[in-house]
Amino acid sequence: MARDGAQSLERLFMTLIVLMVMGGVAFGAWSLRPTPSYSSGEVKDGSPFDVTFKVENKDSWFALANLKIGCVLDHVRASGLPPTLLEATDVRFSSRTGTGLEPGESATFTCPFRSLIGHPINDDPGIAQRSEIYFQAKYDLPLIGSIRLTDNSTPYFLNTRLLPPRWTKKP
């Protein structure tokens, strides 16, 4: 009986090791997936919502194929506006494909937030300073094109401490 108990424990131990190795491999593969990186242009004239943003593929191996960018006005404090997803406009890819980003490439886009803010707070000059935005990218999984990934960026806020002001990641 002791031999049967030891064999059962050995099988259980080997099963746990195999599961941990498979989990480690899956985690490593997921960590290697490309994710877009965002930055903001400078707010010079007009509304801070009219800024041109830049999306970049900093991955050195995989492309962001069939990339679709969405802009989300997460919230505007004291406005009552719900979070709203809008498709990015004026997207300009630098690659020949025109639908994605190869490793190291970038694209520019704008977010049509001003069209969304037809609210009575539209006349409020501080609306952008009370806003949080983030970006949503949808793209094909590298090597397996039939699976679409969705990646939400960290929140951005209008940083007026920088000169000229620009949208920066929330600390």
# chains A, B, ... in the order shown; residues from 1 in each chain; ligands from 1

$ residues_around --residues "range 108-112 of chain A" --least-positions-apart "5" --cutoff "6 Å" --atoms "only C-alpha atoms" --output "ChimeraX atom specification"
/A:52-54,71,88-92

$ select_by_dssp --residues "range 25-164 of chain A" --states "alpha helix (DSSP H)" --output "PyMOL selection string"
chain A and resi 25-31+113-116

$ closest_residue --among "A:Leu73, A:Ala107, A:Leu143, A:Ile133" --to "Pro36 in chain A" --atoms "only C-alpha atoms"
A:Ala107

$ select_by_dssp --residues "chain A" --states "strand (DSSP E)" --output "PyMOL selection string"
chain A and resi 36-40+52-57+65-76+84-87+89-93+106-110+131-141+144-152+156-159+166-169

$ write_last_selection --atoms "C-alpha atoms" --output "compact mmCIF listing (two decimals), in the first residue's frame"
# COMPACT_ATOMS: atom_id res chain seq x y z
CA PRO A 36 1.15 49.88 -28.77
CA SER A 37 2.70 52.88 -27.06
CA TYR A 38 1.07 56.33 -27.16
CA SER A 39 2.24 59.92 -26.88
CA SER A 40 0.65 63.31 -27.31
CA THR A 52 -2.54 64.89 -32.71
CA PHE A 53 -1.55 61.70 -30.91
CA LYS A 54 1.13 59.22 -31.92
CA VAL A 55 0.92 55.43 -31.65
CA GLU A 56 4.12 53.43 -31.90
CA ASN A 57 5.01 49.75 -32.16
CA ALA A 65 -1.55 43.92 -37.99
CA ASN A 66 -4.99 45.33 -38.88
CA LEU A 67 -4.71 47.97 -36.17
CA LYS A 68 -7.86 49.89 -35.25
CA ILE A 69 -7.53 52.71 -32.72
CA GLY A 70 -10.33 53.92 -30.50
CA CYS A 71 -10.37 56.95 -28.22
CA VAL A 72 -12.24 56.81 -24.94
CA LEU A 73 -13.30 59.88 -23.02
CA ASP A 74 -13.32 58.04 -19.70
CA HIS A 75 -14.85 60.76 -17.63
CA VAL A 76 -15.08 64.49 -17.16
CA THR A 84 -17.67 56.92 -24.55
CA LEU A 85 -15.62 55.09 -27.19
CA LEU A 86 -15.03 56.90 -30.48
CA GLU A 87 -13.09 55.67 -33.48
CA THR A 89 -9.91 59.88 -37.11
CA ASP A 90 -7.23 61.05 -39.51
CA VAL A 91 -5.13 57.92 -38.88
CA ARG A 92 -1.89 58.10 -40.89
CA PHE A 93 0.21 54.96 -41.03
CA SER A 106 4.53 54.76 -35.82
CA ALA A 107 1.30 56.43 -36.92
CA THR A 108 -0.53 59.61 -36.01
CA PHE A 109 -4.22 60.07 -35.28
CA THR A 110 -6.68 62.49 -33.75
CA SER A 131 -10.97 64.97 -18.29
CA GLU A 132 -9.35 61.57 -18.45
CA ILE A 133 -8.87 59.75 -21.71
CA TYR A 134 -7.41 56.44 -22.78
CA PHE A 135 -6.89 54.59 -26.04
CA GLN A 136 -8.14 51.20 -27.15
CA ALA A 137 -6.23 49.29 -29.82
CA LYS A 138 -7.58 46.23 -31.60
CA TYR A 139 -5.16 44.19 -33.70
CA ASP A 140 -4.47 40.65 -34.90
CA LEU A 141 -2.46 38.29 -32.72
CA ILE A 144 -2.24 33.59 -35.52
CA GLY A 145 -4.11 36.20 -37.53
CA SER A 146 -7.60 34.94 -36.77
CA ILE A 147 -7.48 36.02 -33.10
CA ARG A 148 -8.06 39.73 -32.33
CA LEU A 149 -6.47 41.33 -29.27
CA THR A 150 -7.79 44.39 -27.47
CA ASP A 151 -5.35 46.54 -25.51
CA ASN A 152 -6.43 49.48 -23.33
CA TYR A 156 -4.05 60.17 -19.78
CA PHE A 157 -4.74 63.65 -18.41
CA LEU A 158 -3.94 67.15 -19.67
CA ASN A 159 -0.69 68.10 -17.96
CA ARG A 166 0.25 67.93 -23.49
CA TRP A 167 -1.63 64.79 -22.57
CA THR A 168 0.50 62.55 -20.35
CA LYS A 169 0.04 59.25 -18.55

$ atom_distance --atom1 "CA of Ala63 in chain A" --atom2 "CA of Pro103 in chain A"
5.4 Å

$ atom_distance --atom1 "CA of Asp59 in chain A" --atom2 "CA of Thr35 in chain A"
7.4 Å

$ atom_distance --atom1 "CA of Gly41 in chain A" --atom2 "CA of Leu163 in chain A"
11.7 Å

$ closest_residue --among "A:Pro34, A:Gly23, A:Pro83, A:Pro155" --to "Glu102 in chain A" --atoms "only C-alpha atoms"
A:Pro34
